file model-v1.pdb (PDB, C-alpha atoms)
ATOM      1  CA  MET A   1     125.409 103.361 105.903
ATOM      2  CA  LEU A   2     126.776 100.092 107.309
ATOM      3  CA  ALA A   3     124.610  98.244 109.828
ATOM      4  CA  GLU A   4     125.940  95.280 111.779
ATOM      5  CA  LEU A   5     123.991  92.542 113.550
ATOM      6  CA  VAL A   6     126.078  90.420 115.919
ATOM      7  CA  PHE A   7     125.183  86.744 116.336
ATOM      8  CA  SER A   8     125.588  84.631 119.441
ATOM      9  CA  THR A   9     125.452  80.843 119.304
ATOM     10  CA  SER A  10     121.794  81.100 120.350
ATOM     11  CA  ASP A  11     121.046  83.562 117.538
ATOM     12  CA  LEU A  12     122.613  81.255 114.954
ATOM     13  CA  ALA A  13     120.513  78.386 116.310
ATOM     14  CA  GLN A  14     117.398  80.494 115.619
ATOM     15  CA  VAL A  15     118.164  81.353 111.981
ATOM     16  CA  ARG A  16     115.365  80.013 109.814
ATOM     17  CA  PHE A  17     113.774  80.405 106.392
ATOM     18  CA  ALA A  18     110.177  81.272 105.585
ATOM     19  CA  VAL A  19     108.111  81.887 102.467
ATOM     20  CA  SER A  20     105.742  84.790 103.158
ATOM     21  CA  PRO A  21     102.777  85.863 100.978
ATOM     22  CA  MET A  22     102.753  89.338 102.554
ATOM     23  CA  TRP A  23     106.397  89.908 101.613
ATOM     24  CA  GLU A  24     105.226  89.598  97.990
ATOM     25  CA  VAL A  25     102.213  91.898  98.364
ATOM     26  CA  GLY A  26     104.014  95.163  99.137
ATOM     27  CA  PRO A  27     106.910  94.908  96.655
ATOM     28  CA  SER A  28     104.666  93.671  93.841
ATOM     29  CA  LEU A  29     102.149  96.479  94.359
ATOM     30  CA  ARG A  30     104.963  99.016  94.397
ATOM     31  CA  LEU A  31     106.254  97.621  91.108
ATOM     32  CA  LEU A  32     102.822  97.762  89.474
ATOM     33  CA  ARG A  33     102.259 101.360  90.554
ATOM     34  CA  SER A  34     105.708 102.491  89.432
ATOM     35  CA  GLY A  35     104.660 102.754  85.792
ATOM     36  CA  CYS A  36     107.958 101.244  84.693
ATOM     37  CA  THR A  37     108.541  98.222  82.490
ATOM     38  CA  HIS A  38     110.576  95.756  84.508
ATOM     39  CA  PRO A  39     112.972  93.558  82.480
ATOM     40  CA  VAL A  40     112.041  90.426  84.431
ATOM     41  CA  HIS A  41     108.432  90.990  85.484
ATOM     42  CA  ARG A  42     107.184  92.601  82.274
ATOM     43  CA  PRO A  43     104.886  89.687  81.226
ATOM     44  CA  TRP A  44     103.231  89.697  84.651
ATOM     45  CA  ILE A  45     102.952  93.502  84.735
ATOM     46  CA  GLU A  46     101.302  93.641  81.317
ATOM     47  CA  GLN A  47      98.657  91.179  82.465
ATOM     48  CA  VAL A  48      98.013  92.550  85.959
ATOM     49  CA  ARG A  49      98.397  96.338  85.714
ATOM     50  CA  PRO A  50      95.169  96.881  83.706
ATOM     51  CA  ARG A  51      93.239  94.757  86.211
ATOM     52  CA  LEU A  52      94.712  96.736  89.094
ATOM     53  CA  ALA A  53      93.600 100.036  87.573
ATOM     54  CA  ALA A  54      90.142  98.710  86.724
ATOM     55  CA  ALA A  55      89.648  97.613  90.334
ATOM     56  CA  GLY A  56      90.921 100.920  91.706
ATOM     57  CA  LEU A  57      93.523  99.148  93.824
ATOM     58  CA  ASP A  58      96.305 101.366  92.479
ATOM     59  CA  ARG A  59      94.856 104.325  94.396
ATOM     60  CA  GLY A  60      93.191 102.812  97.469
ATOM     61  CA  GLY A  61      94.130 102.475 101.113
ATOM     62  CA  LEU A  62      96.726  99.776 100.515
ATOM     63  CA  ALA A  63      98.407 101.979  97.912
ATOM     64  CA  GLU A  64      98.727 104.727 100.541
ATOM     65  CA  LEU A  65     100.464 102.299 102.889
ATOM     66  CA  VAL A  66     102.894 101.145 100.182
ATOM     67  CA  PRO A  67     104.463 104.360  98.843
ATOM     68  CA  PRO A  68     106.577 104.449  95.664
ATOM     69  CA  ALA A  69     109.763 104.238  97.743
ATOM     70  CA  GLY A  70     110.886 104.023 101.323
ATOM     71  CA  TYR A  71     109.299 102.666 104.454
ATOM     72  CA  VAL A  72     106.296 100.322 104.509
ATOM     73  CA  PRO A  73     104.507  99.977 107.881
ATOM     74  CA  ASP A  74     105.927  97.057 109.822
ATOM     75  CA  PHE A  75     102.494  95.758 110.800
ATOM     76  CA  LEU A  76     101.984  94.678 107.170
ATOM     77  CA  ASN A  77     104.817  92.143 107.506
ATOM     78  CA  PRO A  78     104.452  90.177 110.746
ATOM     79  CA  ALA A  79     107.205  87.645 111.324
ATOM     80  CA  PRO A  80     106.100  84.328 109.743
ATOM     81  CA  ALA A  81     105.215  81.885 112.516
ATOM     82  CA  SER A  82     105.899  78.850 110.308
ATOM     83  CA  PRO A  83     108.040  78.018 107.269
ATOM     84  CA  ALA A  84     105.189  78.726 104.846
ATOM     85  CA  PRO A  85     102.198  80.505 106.409
ATOM     86  CA  ALA A  86      99.034  80.894 104.349
ATOM     87  CA  LEU A  87      97.887  84.398 103.503
ATOM     88  CA  ALA A  88      94.930  83.975 105.874
ATOM     89  CA  GLN A  89      97.305  83.357 108.783
ATOM     90  CA  GLU A  90      99.289  86.491 108.033
ATOM     91  CA  LEU A  91      96.132  88.567 107.649
ATOM     92  CA  ALA A  92      94.940  87.347 111.044
ATOM     93  CA  ARG A  93      98.229  88.579 112.518
ATOM     94  CA  ILE A  94      97.728  91.966 110.853
ATOM     95  CA  LEU A  95      94.196  92.226 112.269
ATOM     96  CA  ALA A  96      95.573  91.524 115.739
ATOM     97  CA  THR A  97      98.136  94.356 115.576
ATOM     98  CA  PRO A  98      97.889  96.548 118.698
ATOM     99  CA  ALA A  99      96.572 100.036 117.996
ATOM    100  CA  ALA A 100      99.721 101.561 119.492
ATOM    101  CA  GLN A 101     101.920  99.771 116.945
ATOM    102  CA  VAL A 102      99.673 100.782 114.045
ATOM    103  CA  ARG A 103      99.942 104.432 115.078
ATOM    104  CA  ARG A 104     103.684 104.186 115.689
ATOM    105  CA  ASP A 105     104.241 102.737 112.209
ATOM    106  CA  LEU A 106     101.983 105.363 110.635
ATOM    107  CA  ASP A 107     103.884 108.117 112.457
ATOM    108  CA  ARG A 108     107.078 106.908 110.826
ATOM    109  CA  LEU A 109     105.389 106.580 107.432
ATOM    110  CA  GLY A 110     104.042 110.124 107.702
ATOM    111  CA  ASP A 111     107.428 111.505 108.776
ATOM    112  CA  GLU A 112     109.188 109.879 105.793
ATOM    113  CA  GLN A 113     106.490 110.688 103.219
ATOM    114  CA  GLY A 114     105.696 114.234 104.365
ATOM    115  CA  GLY A 115     102.259 113.301 105.674
ATOM    116  CA  LEU A 116      99.589 110.602 105.493
ATOM    117  CA  GLY A 117      96.869 110.127 102.903
ATOM    118  CA  PRO A 118      93.184 110.348 103.901
ATOM    119  CA  ARG A 119      92.690 106.601 104.313
ATOM    120  CA  SER A 120      95.849 106.287 106.385
ATOM    121  CA  ARG A 121      94.664 109.131 108.609
ATOM    122  CA  ALA A 122      91.379 107.308 109.094
ATOM    123  CA  LEU A 123      93.319 104.155 109.996
ATOM    124  CA  TYR A 124      95.321 106.176 112.516
ATOM    125  CA  ALA A 125      92.111 107.430 114.129
ATOM    126  CA  GLU A 126      90.376 104.035 114.239
ATOM    127  CA  PRO A 127      92.928 101.224 113.972
ATOM    128  CA  ARG A 128      90.620  98.436 115.110
ATOM    129  CA  THR A 129      87.834  99.017 112.616
ATOM    130  CA  ARG A 130      89.959 100.287 109.718
ATOM    131  CA  LEU A 131      92.438  97.395 109.846
ATOM    132  CA  ALA A 132      89.614  95.129 108.704
ATOM    133  CA  ARG A 133      89.238  97.272 105.566
ATOM    134  CA  VAL A 134      92.973  97.080 104.907
ATOM    135  CA  VAL A 135      92.813  93.289 105.162
ATOM    136  CA  GLU A 136      89.858  93.159 102.757
ATOM    137  CA  GLU A 137      91.826  95.219 100.245
ATOM    138  CA  ILE A 138      94.865  92.963 100.621
ATOM    139  CA  GLU A 139      92.668  89.935  99.938
ATOM    140  CA  SER A 140      91.272  91.599  96.801
ATOM    141  CA  TYR A 141      94.751  92.488  95.616
ATOM    142  CA  TRP A 142      96.007  88.964  96.273
ATOM    143  CA  GLN A 143      93.210  87.379  94.251
ATOM    144  CA  LEU A 144      93.749  89.776  91.368
ATOM    145  CA  ALA A 145      97.537  90.032  91.191
ATOM    146  CA  LEU A 146      99.230  87.111  92.912
ATOM    147  CA  ALA A 147      96.985  84.116  93.596
ATOM    148  CA  PRO A 148      96.681  83.100  89.906
ATOM    149  CA  TYR A 149     100.488  83.038  89.671
ATOM    150  CA  TRP A 150     101.300  81.717  93.116
ATOM    151  CA  ALA A 151     102.083  78.132  92.090
ATOM    152  CA  ARG A 152     104.831  79.383  89.785
ATOM    153  CA  VAL A 153     106.153  81.998  92.240
ATOM    154  CA  ARG A 154     106.073  79.545  95.120
ATOM    155  CA  GLY A 155     108.104  77.053  93.101
ATOM    156  CA  VAL A 156     110.914  79.596  92.698
ATOM    157  CA  LEU A 157     110.836  80.534  96.392
ATOM    158  CA  ASP A 158     110.845  76.922  97.580
ATOM    159  CA  ALA A 159     113.762  76.116  95.280
ATOM    160  CA  ASP A 160     115.715  79.040  96.741
ATOM    161  CA  VAL A 161     115.086  77.860 100.313
ATOM    162  CA  PHE A 162     116.140  74.320  99.448
ATOM    163  CA  HIS A 163     119.372  75.531  97.828
ATOM    164  CA  ARG A 164     120.355  77.880 100.638
ATOM    165  CA  ALA A 165     119.347  75.568 103.483
ATOM    166  CA  ARG A 166     121.553  72.885 101.975
ATOM    167  CA  LYS A 167     124.402  75.372 101.624
ATOM    168  CA  PHE A 168     123.977  76.393 105.261
ATOM    169  CA  ALA A 169     124.050  72.747 106.375
ATOM    170  CA  GLU A 170     127.062  71.804 104.251
ATOM    171  CA  GLN A 171     129.214  74.961 104.414
ATOM    172  CA  GLY A 172     128.022  77.012 107.384
ATOM    173  CA  PRO A 173     126.606  80.503 107.966
ATOM    174  CA  ALA A 174     129.455  82.456 106.339
ATOM    175  CA  CYS A 175     128.838  80.787 102.981
ATOM    176  CA  LEU A 176     125.076  81.259 103.288
ATOM    177  CA  PHE A 177     125.148  84.959 104.202
ATOM    178  CA  ASN A 178     127.918  85.946 101.806
ATOM    179  CA  ASP A 179     125.895  84.501  98.932
ATOM    180  CA  LEU A 180     122.588  86.264  99.727
ATOM    181  CA  HIS A 181     123.290  89.618  98.065
ATOM    182  CA  PRO A 182     126.299  91.875  97.330
ATOM    183  CA  SER A 183     125.174  94.268 100.068
ATOM    184  CA  VAL A 184     125.111  91.483 102.690
ATOM    185  CA  SER A 185     128.255  89.969 104.197
ATOM    186  CA  TRP A 186     129.369  87.902 107.182
ATOM    187  CA  ALA A 187     132.535  88.386 109.226
ATOM    188  CA  ASP A 188     133.560  88.044 112.863
ATOM    189  CA  ASP A 189     130.214  86.536 113.946
ATOM    190  CA  ALA A 190     128.282  89.490 112.543
ATOM    191  CA  LEU A 191     125.956  90.090 109.614
ATOM    192  CA  ARG A 192     126.713  93.351 107.811
ATOM    193  CA  LEU A 193     124.214  95.280 105.682
ATOM    194  CA  ASP A 194     125.857  98.124 103.820
ATOM    195  CA  ARG A 195     122.686  99.763 102.454
ATOM    196  CA  ARG A 196     120.431  99.838 105.497
ATOM    197  CA  GLN A 197     119.316 103.375 106.304
ATOM    198  CA  ARG A 198     118.921 102.903 110.065
ATOM    199  CA  ASP A 199     121.234 101.612 112.762
ATOM    200  CA  LEU A 200     120.906  97.960 113.714
ATOM    201  CA  SER A 201     122.040  96.169 116.850
ATOM    202  CA  ARG A 202     121.216  92.919 118.542
ATOM    203  CA  GLU A 203     119.917  94.805 121.589
ATOM    204  CA  THR A 204     117.204  96.488 119.522
ATOM    205  CA  ALA A 205     116.550  93.769 116.952
ATOM    206  CA  GLY A 206     115.397  90.712 118.874
ATOM    207  CA  THR A 207     116.896  87.223 118.693
ATOM    208  CA  GLY A 208     117.676  85.012 115.714
ATOM    209  CA  LEU A 209     116.864  85.915 112.091
ATOM    210  CA  VAL A 210     114.160  84.996 109.570
ATOM    211  CA  LEU A 211     115.406  84.818 105.968
ATOM    212  CA  ILE A 212     112.649  85.383 103.410
ATOM    213  CA  PRO A 213     113.250  84.850  99.690
ATOM    214  CA  SER A 214     111.123  87.107  97.516
ATOM    215  CA  ALA A 215     110.242  87.217  93.838
ATOM    216  CA  PHE A 216     109.468  90.946  93.870
ATOM    217  CA  THR A 217     111.856  92.380  96.471
ATOM    218  CA  GLY A 218     114.855  93.948  94.841
ATOM    219  CA  PRO A 219     117.340  94.948  93.814
ATOM    220  CA  VAL A 220     118.209  95.678  97.470
ATOM    221  CA  PRO A 221     117.172  93.434 100.407
ATOM    222  CA  PHE A 222     114.620  94.755 102.891
ATOM    223  CA  THR A 223     114.802  94.381 106.658
ATOM    224  CA  ARG A 224     112.102  94.545 109.310
ATOM    225  CA  VAL A 225     112.999  94.976 112.955
ATOM    226  CA  THR A 226     110.193  94.962 115.536
ATOM    227  CA  PRO A 227     111.192  93.266 118.808
ATOM    228  CA  PRO A 228     110.321  90.917 120.420
ATOM    229  CA  GLU A 229     109.803  89.306 117.000
ATOM    230  CA  PRO A 230     112.987  88.105 115.303
ATOM    231  CA  PRO A 231     114.418  90.461 112.672
ATOM    232  CA  GLN A 232     113.480  89.642 109.090
ATOM    233  CA  LEU A 233     115.630  89.917 105.990
ATOM    234  CA  ALA A 234     113.805  89.667 102.645
ATOM    235  CA  TYR A 235     116.184  89.150  99.738
ATOM    236  CA  PRO A 236     115.829  88.544  95.962
ATOM    237  CA  ALA A 237     115.333  84.836  95.351
ATOM    238  CA  ARG A 238     117.497  82.822  92.987
ATOM    239  CA  GLY A 239     115.826  81.916  89.718
ATOM    240  CA  VAL A 240     113.559  84.957  89.490
ATOM    241  CA  GLY A 241     115.119  85.858  86.150
ATOM    242  CA  SER A 242     113.409  82.883  84.508
ATOM    243  CA  LEU A 243     110.150  83.141  86.449
ATOM    244  CA  TRP A 244     107.973  84.291  83.548
ATOM    245  CA  GLU A 245     109.837  82.652  80.684
ATOM    246  CA  PRO A 246     107.662  80.319  78.584
ATOM    247  CA  ARG A 247     108.062  76.749  79.697
ATOM    248  CA  PRO A 248     109.411  74.301  77.084
ATOM    249  CA  ALA A 249     106.792  72.156  75.432
ATOM    250  CA  THR A 250     106.235  68.998  77.416
ATOM    251  CA  THR A 251     106.388  65.556  75.949
ATOM    252  CA  ARG A 252     103.769  64.352  78.425
ATOM    253  CA  THR A 253     100.664  65.847  76.838
ATOM    254  CA  ASP A 254      99.835  62.721  74.847
ATOM    255  CA  ALA A 255     100.086  60.597  77.967
ATOM    256  CA  LEU A 256      97.986  63.097  79.936
ATOM    257  CA  ALA A 257      95.423  63.262  77.159
ATOM    258  CA  ALA A 258      94.951  59.520  77.438
ATOM    259  CA  VAL A 259      93.898  60.055  81.061
ATOM    260  CA  LEU A 260      92.276  63.497  81.085
ATOM    261  CA  GLY A 261      91.054  63.753  77.508
ATOM    262  CA  ARG A 262      92.475  65.997  74.816
ATOM    263  CA  SER A 263      90.289  69.014  75.551
ATOM    264  CA  ARG A 264      91.128  69.114  79.256
ATOM    265  CA  THR A 265      94.808  68.603  78.501
ATOM    266  CA  ARG A 266      94.679  71.391  75.910
ATOM    267  CA  LEU A 267      93.189  73.747  78.500
ATOM    268  CA  LEU A 268      95.925  72.902  81.002
ATOM    269  CA  ALA A 269      98.544  73.629  78.363
ATOM    270  CA  GLU A 270      96.863  76.948  77.518
ATOM    271  CA  LEU A 271      97.024  77.987  81.183
ATOM    272  CA  GLU A 272     100.718  78.798  80.864
ATOM    273  CA  THR A 273      99.362  82.178  82.003
ATOM    274  CA  PRO A 274      96.086  82.577  83.939
ATOM    275  CA  ALA A 275      93.054  83.155  81.726
ATOM    276  CA  SER A 276      89.288  83.522  81.827
ATOM    277  CA  THR A 277      86.730  81.166  80.301
ATOM    278  CA  THR A 278      86.238  83.609  77.417
ATOM    279  CA  ASP A 279      89.982  83.804  76.730
ATOM    280  CA  LEU A 280      90.317  80.041  76.719
ATOM    281  CA  ALA A 281      87.338  79.563  74.434
ATOM    282  CA  ARG A 282      88.804  82.051  71.950
ATOM    283  CA  ARG A 283      92.236  80.397  71.998
ATOM    284  CA  THR A 284      91.062  76.812  71.705
ATOM    285  CA  GLY A 285      87.949  77.103  69.569
ATOM    286  CA  LEU A 286      85.928  75.253  72.204
ATOM    287  CA  SER A 287      82.551  76.608  73.289
ATOM    288  CA  ARG A 288      82.394  78.668  76.484
ATOM    289  CA  ALA A 289      80.023  76.104  77.969
ATOM    290  CA  GLY A 290      82.457  73.320  77.157
ATOM    291  CA  VAL A 291      85.409  75.217  78.577
ATOM    292  CA  SER A 292      83.450  75.920  81.761
ATOM    293  CA  GLN A 293      82.554  72.245  82.128
ATOM    294  CA  TYR A 294      86.127  71.082  81.598
ATOM    295  CA  LEU A 295      87.515  73.682  84.003
ATOM    296  CA  THR A 296      85.085  72.563  86.687
ATOM    297  CA  ALA A 297      86.321  68.992  86.294
ATOM    298  CA  LEU A 298      89.959  70.100  86.410
ATOM    299  CA  ARG A 299      89.287  72.210  89.474
ATOM    300  CA  ASP A 300      87.566  69.294  91.243
ATOM    301  CA  ALA A 301      90.670  67.215  90.476
ATOM    302  CA  GLY A 302      92.967  69.811  92.058
ATOM    303  CA  LEU A 303      94.639  70.739  88.771
ATOM    304  CA  VAL A 304      93.139  74.222  88.332
ATOM    305  CA  SER A 305      92.358  77.054  90.755
ATOM    306  CA  ALA A 306      89.930  79.952  90.255
ATOM    307  CA  HIS A 307      90.528  83.558  91.302
ATOM    308  CA  ARG A 308      88.185  86.547  91.198
ATOM    309  CA  ALA A 309      89.608  89.510  89.256
ATOM    310  CA  GLY A 310      87.006  92.257  89.114
ATOM    311  CA  ARG A 311      84.074  90.956  87.063
ATOM    312  CA  SER A 312      86.072  88.056  85.663
ATOM    313  CA  VAL A 313      87.311  84.780  87.089
ATOM    314  CA  LEU A 314      90.859  83.805  86.200
ATOM    315  CA  TYR A 315      91.841  80.155  86.083
ATOM    316  CA  ALA A 316      95.384  79.028  86.810
ATOM    317  CA  ARG A 317      97.287  75.769  86.980
ATOM    318  CA  THR A 318      98.012  74.440  90.452
ATOM    319  CA  ALA A 319     101.394  73.161  91.585
ATOM    320  CA  THR A 320     100.150  69.626  90.912
ATOM    321  CA  ALA A 321      99.335  70.505  87.312
ATOM    322  CA  GLU A 322     102.696  72.234  86.879
ATOM    323  CA  SER A 323     104.477  69.073  87.968
ATOM    324  CA  LEU A 324     102.408  66.922  85.624
ATOM    325  CA  LEU A 325     103.291  69.137  82.665
ATOM    326  CA  ALA A 326     106.949  69.571  83.548
ATOM    327  CA  PRO A 327     109.250  68.256  80.789
TER     328      PRO A 327
END
call {"tool": "encode", "arguments": {"input": "model-v1.pdb", "output": "structure tokens"}}
result
Amino acid sequence: MLAELVFSTSDLAQVRFAVSPMWEVGPSLRLLRSGCTHPVHRPWIEQVRPRLAAAGLDRGGLAELVPPAGYVPDFLNPAPASPAPALAQELARILATPAAQVRRDLDRLGDEQGGLGPRSRALYAEPRTRLARVVEEIESYWQLALAPYWARVRGVLDADVFHRARKFAEQGPACLFNDLHPSVSWADDALRLDRRQRDLSRETAGTGLVLIPSAFTGPVPFTRVTPPEPPQLAYPARGVGSLWEPRPATTRTDALAAVLGRSRTRLLAELETPASTTDLARRTGLSRAGVSQYLTALRDAGLVSAHRAGRSVLYARTATAESLLAP
């Protein structure tokens, strides 16, 4: 089916980009629950899928709201109010969703999936109280599956926005839209989506457009249309293919070691993938107590972040540390 969204001058003036944590939650959970081995995300899946199962998040309320295919309730993806909202901001928007919208979205989900699961039915009956439980589960999933990797994912998304925003400024909307995805094209002041399942018109879509690069959305872009919010188009970000590839060895470790010490620098280098204190002690030969002490110092310096994953705590490099280690 071909859907067409016509743009006025005002609509073009309201085209903007945003990086959205919630647009990574649904697609990434769907990928983890699929049971497949993804050619790009395999390293991440192999690390996260066992944690997901151990925490029971692959069969909870959030899993009911994100089915293996098809529609995901619109209230899970509120239009980003800023270029890069924090997860807490998006969760606050979800908590504030009117009960009528929650039930309307669940009606559609039930129609497309042949019924609702027990937790979704409970949410339908008590949207106000049950939304808080959904948000708690999203927070748990984020800490387990995405927060330890967010610095790396965010780097890819920011690079995509920079590239496309520059293209838009230098070559105009036609060049921007025609380069988003093979199923997206621009002609005669209209954006055309040739794989959207539902009709789309400016009268029913709201004004402007929010473009959201995603590391996990794909291979087909997703759209969300809930007026009066602007329509959203989440598309596969450039550079995702190299997201999990090992980074080349940096030549800066000796210089960093002179400042941080060799043990702390070694731990930063080992955090190419998030790891627990036990993992790091086994890899480096350092004592667990020593690793814990060094990680505390690195965390205080803003170079390491900590994330609860079941009974373990995973440590990950921050964006600052990534830039220090970049070749």
call {"tool": "closest_residue", "arguments": {"input": "model-v1.pdb", "among": "A:Ala125, A:Ala79, A:Val48, A:Ala187", "to": "A:Trp142", "atoms": "only C-alpha atoms"}}
result
A:Val48
call {"tool": "axis_aligned_box", "arguments": {"input": "model-v1.pdb", "around": "stretch 161-178 of chain A", "padding_each_side": "8 Å", "output": "lines of an AutoDock Vina configuration file"}}
result
center_x = 122.3
center_y = 78.9
center_z = 102.9
size_x = 30.4
size_y = 30.1
size_z = 26.1
call {"tool": "residues_around", "arguments": {"input": "model-v1.pdb", "residues": "A:Ser8", "least_positions_apart": "6", "cutoff": "10 Å", "atoms": "only C-alpha atoms", "output": "ChimeraX atom specification"}}
result
/A:14,189-190,202,207-208
call {"tool": "residues_around", "arguments": {"input": "model-v1.pdb", "residues": "A:Leu12", "least_positions_apart": "6", "cutoff": "12 Å", "atoms": "only C-alpha atoms", "output": "list of chain:residue names"}}
result
A:Leu5, A:Val6, A:Phe168, A:Gly172, A:Pro173, A:Ala174, A:Leu176, A:Phe177, A:Asp189, A:Ala190, A:Leu191, A:Thr207, A:Gly208, A:Leu209, A:Val210, A:Pro230
call {"tool": "write_last_selection", "arguments": {"input": "model-v1.pdb", "atoms": "C-alpha atoms", "output": "short mmCIF file (atom, residue, chain, number, x, y, z; two decimals), in the coordinates of the input"}}
result
data_model
loop_
_atom_site.label_atom_id
_atom_site.label_comp_id
_atom_site.auth_asym_id
_atom_site.auth_seq_id
_atom_site.Cartn_x
_atom_site.Cartn_y
_atom_site.Cartn_z
CA LEU A 5 123.99 92.54 113.55
CA VAL A 6 126.08 90.42 115.92
CA PHE A 168 123.98 76.39 105.26
CA GLY A 172 128.02 77.01 107.38
CA PRO A 173 126.61 80.50 107.97
CA ALA A 174 129.46 82.46 106.34
CA LEU A 176 125.08 81.26 103.29
CA PHE A 177 125.15 84.96 104.20
CA ASP A 189 130.21 86.54 113.95
CA ALA A 190 128.28 89.49 112.54
CA LEU A 191 125.96 90.09 109.61
CA THR A 207 116.90 87.22 118.69
CA GLY A 208 117.68 85.01 115.71
CA LEU A 209 116.86 85.92 112.09
CA VAL A 210 114.16 85.00 109.57
CA PRO A 230 112.99 88.10 115.30
#
call {"tool": "atom_distance", "arguments": {"input": "model-v1.pdb", "atom1": "atom CA of A:Gly239", "atom2": "atom CA of A:Val156"}}
result
6.2 Å
call {"tool": "resolve_selection", "arguments": {"input": "model-v1.pdb", "expression": "the PyMOL selection byres ((chain A and resi 153) around 12)", "output": "short mmCIF file (atom, residue, chain, number, x, y, z; two decimals) with C-alpha atoms, in the coordinates of the input"}}
result
data_model
loop_
_atom_site.label_atom_id
_atom_site.label_comp_id
_atom_site.auth_asym_id
_atom_site.auth_seq_id
_atom_site.Cartn_x
_atom_site.Cartn_y
_atom_site.Cartn_z
CA VAL A 19 108.11 81.89 102.47
CA SER A 20 105.74 84.79 103.16
CA PRO A 21 102.78 85.86 100.98
CA GLU A 24 105.23 89.60 97.99
CA SER A 28 104.67 93.67 93.84
CA HIS A 41 108.43 90.99 85.48
CA TRP A 44 103.23 89.70 84.65
CA ALA A 145 97.54 90.03 91.19
CA LEU A 146 99.23 87.11 92.91
CA ALA A 147 96.98 84.12 93.60
CA PRO A 148 96.68 83.10 89.91
CA TYR A 149 100.49 83.04 89.67
CA TRP A 150 101.30 81.72 93.12
CA ALA A 151 102.08 78.13 92.09
CA ARG A 152 104.83 79.38 89.78
CA ARG A 154 106.07 79.54 95.12
CA GLY A 155 108.10 77.05 93.10
CA VAL A 156 110.91 79.60 92.70
CA LEU A 157 110.84 80.53 96.39
CA ASP A 158 110.84 76.92 97.58
CA ALA A 159 113.76 76.12 95.28
CA ASP A 160 115.72 79.04 96.74
CA PRO A 213 113.25 84.85 99.69
CA SER A 214 111.12 87.11 97.52
CA ALA A 215 110.24 87.22 93.84
CA PHE A 216 109.47 90.95 93.87
CA ALA A 237 115.33 84.84 95.35
CA ARG A 238 117.50 82.82 92.99
CA GLY A 239 115.83 81.92 89.72
CA VAL A 240 113.56 84.96 89.49
CA GLY A 241 115.12 85.86 86.15
CA SER A 242 113.41 82.88 84.51
CA LEU A 243 110.15 83.14 86.45
CA TRP A 244 107.97 84.29 83.55
CA THR A 318 98.01 74.44 90.45
CA ALA A 319 101.39 73.16 91.58
CA GLU A 322 102.70 72.23 86.88
#
call {"tool": "resolve_selection", "arguments": {"input": "model-v1.pdb", "expression": "the PyMOL selection byres ((chain A and resi 35) around 12)", "output": "list in words"}}
result
Leu29, Arg30, Leu31, Leu32, Arg33, Ser34, Cys36, Thr37, His38, Arg42, Ile45, Glu46, Arg49, Pro50, Ala53, Asp58 and Pro68 of chain A
call {"tool": "closest_residue", "arguments": {"input": "model-v1.pdb", "among": "A:Pro85, A:Pro98, A:Pro246, A:Pro228", "to": "A:Ile212", "atoms": "all atoms listed in the file"}}
result
A:Pro85
call {"tool": "decode", "arguments": {"input": "model-v1.pdb", "residues": "stretch 216-227 of chain A", "atoms": "N, CA and C atoms", "output": "short mmCIF file (atom, residue, chain, number, x, y, z; two decimals), in the first residue's frame"}}
result
data_model
loop_
_atom_site.label_atom_id
_atom_site.label_comp_id
_atom_site.auth_asym_id
_atom_site.auth_seq_id
_atom_site.Cartn_x
_atom_site.Cartn_y
_atom_site.Cartn_z
N PHE A 216 17.69 -0.20 16.15
CA PHE A 216 17.02 -1.50 16.16
C PHE A 216 15.80 -1.56 15.25
N THR A 217 15.29 -0.43 14.81
CA THR A 217 14.18 -0.42 13.86
C THR A 217 14.67 -0.89 12.50
N GLY A 218 13.94 -1.78 11.89
CA GLY A 218 14.34 -2.23 10.57
C GLY A 218 13.84 -3.62 10.30
N PRO A 219 13.88 -4.01 9.05
CA PRO A 219 14.45 -3.29 7.90
C PRO A 219 13.52 -2.23 7.31
N VAL A 220 12.27 -2.15 7.83
CA VAL A 220 11.30 -1.21 7.28
C VAL A 220 11.04 -0.10 8.30
N PRO A 221 10.97 1.17 7.87
CA PRO A 221 10.67 2.25 8.82
C PRO A 221 9.31 2.06 9.48
N PHE A 222 9.18 2.62 10.68
CA PHE A 222 7.91 2.61 11.41
C PHE A 222 7.37 4.03 11.46
N THR A 223 6.06 4.16 11.46
CA THR A 223 5.42 5.46 11.60
C THR A 223 4.46 5.44 12.77
N ARG A 224 4.30 6.59 13.39
CA ARG A 224 3.33 6.75 14.48
C ARG A 224 2.56 8.03 14.21
N VAL A 225 1.25 7.91 14.19
CA VAL A 225 0.39 9.04 13.86
C VAL A 225 -0.68 9.17 14.93
N THR A 226 -0.55 10.16 15.80
CA THR A 226 -1.53 10.40 16.86
C THR A 226 -1.69 11.91 17.06
N PRO A 227 -2.52 12.56 16.21
CA PRO A 227 -2.74 13.99 16.35
C PRO A 227 -3.26 14.30 17.77
#
